[in-house]
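Participant: Contents of coords.cif (mmCIF, C-alpha atoms) are given next:
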data_structure
loop_
_atom_site.group_PDB
_atom_site.id
_atom_site.type_symbol
_atom_site.label_atom_id
_atom_site.label_comp_id
_atom_site.auth_asym_id
_atom_site.auth_seq_id
_atom_site.Cartn_x
_atom_site.Cartn_y
_atom_site.Cartn_z
ATOM 1 C CA GLY A 337 -72.435 -39.736 -19.473
ATOM 2 C CA ARG A 338 -72.378 -39.025 -15.785
ATOM 3 C CA SER A 339 -72.625 -42.604 -14.580
ATOM 4 C CA PRO A 340 -69.517 -44.589 -13.578
ATOM 5 C CA ALA A 341 -67.900 -46.992 -16.038
ATOM 6 C CA TRP A 342 -65.588 -49.951 -15.481
ATOM 7 C CA ALA A 343 -62.945 -51.391 -17.745
ATOM 8 C CA ALA A 344 -60.228 -54.026 -17.625
ATOM 9 C CA VAL A 345 -57.101 -54.789 -19.614
ATOM 10 C CA TYR A 346 -55.929 -58.366 -20.186
ATOM 11 C CA TRP A 347 -52.464 -59.424 -21.234
ATOM 12 C CA GLN A 348 -52.127 -62.853 -22.784
ATOM 13 C CA TYR A 349 -48.966 -64.527 -24.008
ATOM 14 C CA PHE A 350 -47.529 -68.023 -24.440
ATOM 15 C CA GLU A 351 -44.952 -69.648 -22.156
ATOM 16 C CA ASP A 352 -43.737 -73.165 -21.403
ATOM 17 C CA ILE A 353 -46.157 -74.416 -18.745
ATOM 18 C CA ASP A 354 -43.435 -75.560 -16.354
ATOM 19 C CA ARG A 355 -41.904 -72.048 -16.379
ATOM 20 C CA VAL A 356 -45.138 -70.360 -15.271
ATOM 21 C CA ARG A 357 -44.864 -68.691 -11.878
ATOM 22 C CA THR A 358 -47.658 -68.343 -9.332
ATOM 23 C CA PHE A 359 -50.008 -65.420 -9.845
ATOM 24 C CA ASP A 360 -52.085 -64.341 -6.864
ATOM 25 C CA SER A 361 -54.509 -61.468 -6.987
ATOM 26 C CA LYS A 362 -55.017 -59.524 -3.797
ATOM 27 C CA SER A 363 -58.274 -61.338 -3.114
ATOM 28 C CA VAL A 364 -57.668 -64.899 -4.390
ATOM 29 C CA GLN A 365 -54.718 -67.298 -4.052
ATOM 30 C CA VAL A 366 -54.315 -70.808 -5.514
ATOM 31 C CA SER A 367 -51.586 -73.336 -4.791
ATOM 32 C CA LYS A 368 -51.122 -76.837 -6.184
ATOM 33 C CA THR A 369 -49.078 -79.649 -4.646
ATOM 34 C CA LEU A 370 -48.513 -83.175 -5.948
ATOM 35 C CA TYR A 371 -48.172 -86.038 -3.479
ATOM 36 C CA ARG A 372 -47.219 -89.668 -3.869
ATOM 37 C CA GLU A 373 -49.466 -91.977 -1.885
ATOM 38 C CA LEU A 374 -47.406 -94.572 -0.027
ATOM 39 C CA GLN A 375 -48.820 -97.629 1.735
ATOM 40 C CA THR A 376 -47.194 -98.099 5.148
ATOM 41 C CA GLU A 377 -47.926 -100.315 8.140
ATOM 42 C CA GLU A 378 -49.832 -97.392 9.695
ATOM 43 C CA GLY A 379 -51.931 -96.933 6.542
ATOM 44 C CA SER A 380 -51.674 -94.683 3.516
ATOM 45 C CA LYS A 381 -49.352 -91.697 3.755
ATOM 46 C CA LEU A 382 -48.992 -88.693 1.437
ATOM 47 C CA VAL A 383 -45.457 -87.535 0.687
ATOM 48 C CA ALA A 384 -44.882 -84.356 -1.336
ATOM 49 C CA LEU A 385 -43.094 -85.106 -4.595
ATOM 50 C CA ASP A 386 -40.543 -82.368 -3.855
ATOM 51 C CA ALA A 387 -39.571 -84.210 -0.660
ATOM 52 C CA LEU A 388 -39.068 -87.573 -2.374
ATOM 53 C CA GLY A 389 -35.603 -88.904 -3.039
ATOM 54 C CA THR A 390 -36.997 -91.426 -5.547
ATOM 55 C CA GLU A 391 -38.774 -90.861 -8.820
ATOM 56 C CA LEU A 392 -42.226 -92.021 -9.802
ATOM 57 C CA GLU A 393 -42.878 -95.289 -11.603
ATOM 58 C CA PRO A 394 -45.881 -96.442 -13.662
ATOM 59 C CA GLY A 395 -48.606 -97.694 -11.327
ATOM 60 C CA ASP A 396 -47.811 -95.237 -8.511
ATOM 61 C CA GLN A 397 -50.702 -93.371 -6.926
ATOM 62 C CA VAL A 398 -50.497 -89.562 -7.050
ATOM 63 C CA VAL A 399 -52.816 -87.180 -5.194
ATOM 64 C CA ILE A 400 -53.243 -83.599 -6.376
ATOM 65 C CA ARG A 401 -54.064 -81.086 -3.650
ATOM 66 C CA ILE A 402 -55.286 -77.629 -4.652
ATOM 67 C CA GLU A 403 -55.633 -75.027 -1.929
ATOM 68 C CA ILE A 404 -57.764 -71.920 -2.492
ATOM 69 C CA ARG A 405 -57.775 -68.852 -0.265
ATOM 70 C CA THR A 406 -60.154 -65.955 -0.772
ATOM 71 C CA ASP A 407 -60.819 -62.858 1.316
ATOM 72 C CA ARG A 408 -64.300 -62.274 -0.111
ATOM 73 C CA ASP A 409 -67.366 -64.186 -1.224
ATOM 74 C CA LEU A 410 -67.269 -65.189 -4.902
ATOM 75 C CA GLU A 411 -69.979 -66.477 -7.231
ATOM 76 C CA PHE A 412 -69.811 -68.596 -10.387
ATOM 77 C CA VAL A 413 -66.210 -69.705 -10.015
ATOM 78 C CA HIS A 414 -64.343 -72.015 -12.412
ATOM 79 C CA LEU A 415 -61.314 -73.959 -11.157
ATOM 80 C CA LYS A 416 -59.387 -75.683 -13.944
ATOM 81 C CA ASP A 417 -56.527 -78.023 -13.095
ATOM 82 C CA THR A 418 -54.438 -79.211 -16.041
ATOM 83 C CA ARG A 419 -52.509 -82.413 -15.418
ATOM 84 C CA ALA A 420 -49.466 -84.196 -16.782
ATOM 85 C CA ALA A 421 -49.977 -86.395 -19.851
ATOM 86 C CA GLY A 422 -48.576 -89.427 -17.999
ATOM 87 C CA LEU A 423 -51.308 -89.346 -15.325
ATOM 88 C CA GLU A 424 -54.815 -90.792 -15.509
ATOM 89 C CA PRO A 425 -57.666 -90.019 -13.077
ATOM 90 C CA VAL A 426 -58.921 -92.750 -10.758
ATOM 91 C CA VAL A 427 -62.451 -91.324 -10.714
ATOM 92 C CA THR A 428 -63.520 -90.559 -14.276
ATOM 93 C CA LEU A 429 -67.205 -89.798 -13.791
ATOM 94 C CA SER A 430 -68.392 -86.218 -13.677
ATOM 95 C CA GLY A 431 -71.019 -85.090 -11.226
ATOM 96 C CA TYR A 432 -72.115 -82.796 -8.439
ATOM 97 C CA GLU A 433 -70.268 -83.200 -5.123
ATOM 98 C CA TRP A 434 -70.607 -81.812 -1.634
ATOM 99 C CA SER A 435 -67.506 -81.633 0.561
ATOM 100 C CA HIS A 436 -66.839 -79.709 3.792
ATOM 101 C CA GLY A 437 -69.707 -77.287 3.264
ATOM 102 C CA LEU A 438 -68.909 -76.583 -0.384
ATOM 103 C CA GLY A 439 -70.998 -77.780 -3.318
ATOM 104 C CA TYR A 440 -69.474 -77.994 -6.781
ATOM 105 C CA TYR A 441 -69.738 -79.821 -10.098
ATOM 106 C CA ARG A 442 -66.627 -81.822 -11.031
ATOM 107 C CA GLN A 443 -65.914 -82.624 -14.671
ATOM 108 C CA MET A 444 -62.999 -84.917 -15.559
ATOM 109 C CA ARG A 445 -61.626 -84.390 -19.069
ATOM 110 C CA ASP A 446 -58.711 -85.729 -21.099
ATOM 111 C CA ALA A 447 -56.175 -83.135 -20.010
ATOM 112 C CA ALA A 448 -57.783 -81.388 -17.041
ATOM 113 C CA ALA A 449 -60.206 -81.510 -14.161
ATOM 114 C CA ASP A 450 -62.809 -78.727 -14.031
ATOM 115 C CA PHE A 451 -64.630 -77.657 -10.880
ATOM 116 C CA PHE A 452 -67.637 -75.328 -11.233
ATOM 117 C CA ILE A 453 -68.616 -73.598 -7.991
ATOM 118 C CA ASP A 454 -71.827 -71.561 -7.711
ATOM 119 C CA TYR A 455 -70.913 -69.835 -4.456
ATOM 120 C CA LEU A 456 -67.503 -69.705 -2.762
ATOM 121 C CA ALA A 457 -67.649 -68.034 0.646
ATOM 122 C CA LYS A 458 -64.523 -66.328 1.924
ATOM 123 C CA GLY A 459 -62.085 -68.696 3.571
ATOM 124 C CA THR A 460 -59.731 -71.558 2.722
ATOM 125 C CA TYR A 461 -60.720 -74.634 0.688
ATOM 126 C CA VAL A 462 -58.803 -77.778 -0.246
ATOM 127 C CA PHE A 463 -59.571 -79.934 -3.290
ATOM 128 C CA GLU A 464 -57.940 -83.359 -3.595
ATOM 129 C CA TYR A 465 -58.281 -86.050 -6.212
ATOM 130 C CA PRO A 466 -56.278 -89.207 -6.998
ATOM 131 C CA LEU A 467 -54.418 -90.069 -10.181
ATOM 132 C CA VAL A 468 -52.418 -93.074 -11.363
ATOM 133 C CA VAL A 469 -49.089 -92.846 -13.181
ATOM 134 C CA SER A 470 -49.654 -94.515 -16.551
ATOM 135 C CA HIS A 471 -46.554 -93.776 -18.689
ATOM 136 C CA LYS A 472 -42.821 -93.215 -18.379
ATOM 137 C CA GLY A 473 -41.405 -89.885 -19.431
ATOM 138 C CA ASP A 474 -40.769 -86.273 -18.495
ATOM 139 C CA PHE A 475 -43.981 -84.233 -18.318
ATOM 140 C CA SER A 476 -45.238 -80.752 -17.538
ATOM 141 C CA ALA A 477 -47.389 -81.116 -14.423
ATOM 142 C CA GLY A 478 -49.754 -78.293 -15.380
ATOM 143 C CA VAL A 479 -51.217 -75.374 -13.442
ATOM 144 C CA ALA A 480 -54.416 -74.825 -11.491
ATOM 145 C CA THR A 481 -56.358 -71.693 -12.484
ATOM 146 C CA LEU A 482 -59.269 -70.161 -10.582
ATOM 147 C CA GLN A 483 -61.384 -67.461 -12.222
ATOM 148 C CA CYS A 484 -64.802 -65.907 -11.691
ATOM 149 C CA MET A 485 -66.918 -66.433 -14.779
ATOM 150 C CA TYR A 486 -68.695 -63.061 -14.656
ATOM 151 C CA ALA A 487 -65.867 -61.046 -13.098
ATOM 152 C CA PRO A 488 -62.747 -62.343 -14.860
ATOM 153 C CA GLU A 489 -60.493 -59.858 -13.079
ATOM 154 C CA PHE A 490 -60.728 -62.173 -10.037
ATOM 155 C CA ILE A 491 -58.164 -64.723 -11.186
ATOM 156 C CA SER A 492 -55.251 -66.667 -9.747
ATOM 157 C CA HIS A 493 -53.122 -69.597 -10.845
ATOM 158 C CA SER A 494 -50.522 -71.900 -9.365
ATOM 159 C CA SER A 495 -46.984 -72.323 -10.628
ATOM 160 C CA GLY A 496 -45.979 -74.904 -13.202
ATOM 161 C CA SER A 497 -43.603 -77.790 -12.568
ATOM 162 C CA ARG A 498 -42.080 -80.899 -14.156
ATOM 163 C CA LEU A 499 -42.916 -84.516 -13.393
ATOM 164 C CA SER A 500 -40.423 -87.287 -14.097
ATOM 165 C CA VAL A 501 -41.449 -90.940 -14.380
ATOM 166 C CA ARG A 502 -38.775 -93.636 -14.918
#
Using structure tokens, write down the structure from this file.

Facilitator:
Amino acid sequence: GRSPAWAAVYWQYFEDIDRVRTFDSKSVQVSKTLYRELQTEEGSKLVALDALGTELEPGDQVVIRIEIRTDRDLEFVHLKDTRAAGLEPVVTLSGYEWSHGLGYYRQMRDAAADFFIDYLAKGTYVFEYPLVVSHKGDFSAGVATLQCMYAPEFISHSSGSRLSVR
């Protein structure tokens, strides 16, 4: 016909999760950082796990921070954050939340946290949620993936990493 048509090609393959590198589309970027929450005399303090000289131990508090940057308005967005097997969420209930002008539905599952966003205006957003270290071991820390549900070509994911608990 004479009307325009759109198409997309998707490439899917399997890789060890801690070897995954960051993928940013031109319009959407996602980064994920793990922090250890330390209690000091001044109050609680977040220290990036990369900056720590010590390793994690069972019972430690970990905060996951996911930063999203987008240069356009997006609708019906799914943010999925897979987590290490040795971590358990502090808040386990799912529900609708409102934070810093953004409304979303948070669903905590066995291996991931899902965030469903109806409307994501252009800008920068930060998601944080606490976890507790529950087991010793060497774990894949997982990746955070953001994708539009009805326009899957708008996708980005963070890099993978390892998490060591002694």

Participant: Show which residues sit within 12 Å of Arg445 in chain A, as a ChimeraX atom specification. Count all atoms listed in the file, and ignore same-chain residues fewer than 3 positions away.

Facilitator: /A:416-419,421,424-425,427-430,442,448-451

Participant: Nearest residue to Glu489 in chain A out of A:Val413, A:Val468, A:Ala477, A:Leu385, using only C-alpha atoms?

Facilitator: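 Answer, going by the shortest atom-to-atom distance: A:Val413.
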
Participant: Determine, counting all atoms listed in the file, which protein, DNA and RNA residues have an atom within 7 Å of an atom of Thr369 in chain A; residues of the same chain fewer than 4 positions away are not included. Present the result as JSON, numbers by chain.

Facilitator: {"A": [400, 401, 402]}

Participant: Quick check on the file I pasted: which residues fall under the PyMOL selection byres ((chain A and resi 455) around 10)? Write them as a ChimeraX atom specification.

Facilitator: /A:409-413,438-440,452-454,456-458

Participant: I need the residue set behind the PyMOL selection byres ((chain A and resi 463) around 7) for this file; please write it as a PDB file with C-alpha atoms, in the coordinates of the input.

Facilitator:
ATOM      1  CA  ARG A 401     -54.064 -81.086  -3.650  1.00  0.00           C
ATOM      2  CA  ILE A 402     -55.286 -77.629  -4.652  1.00  0.00           C
ATOM      3  CA  GLU A 403     -55.633 -75.027  -1.929  1.00  0.00           C
ATOM      4  CA  TYR A 461     -60.720 -74.634   0.688  1.00  0.00           C
ATOM      5  CA  VAL A 462     -58.803 -77.778  -0.246  1.00  0.00           C
ATOM      6  CA  GLU A 464     -57.940 -83.359  -3.595  1.00  0.00           C
ATOM      7  CA  TYR A 465     -58.281 -86.050  -6.212  1.00  0.00           C
TER       8      TYR A 465
END
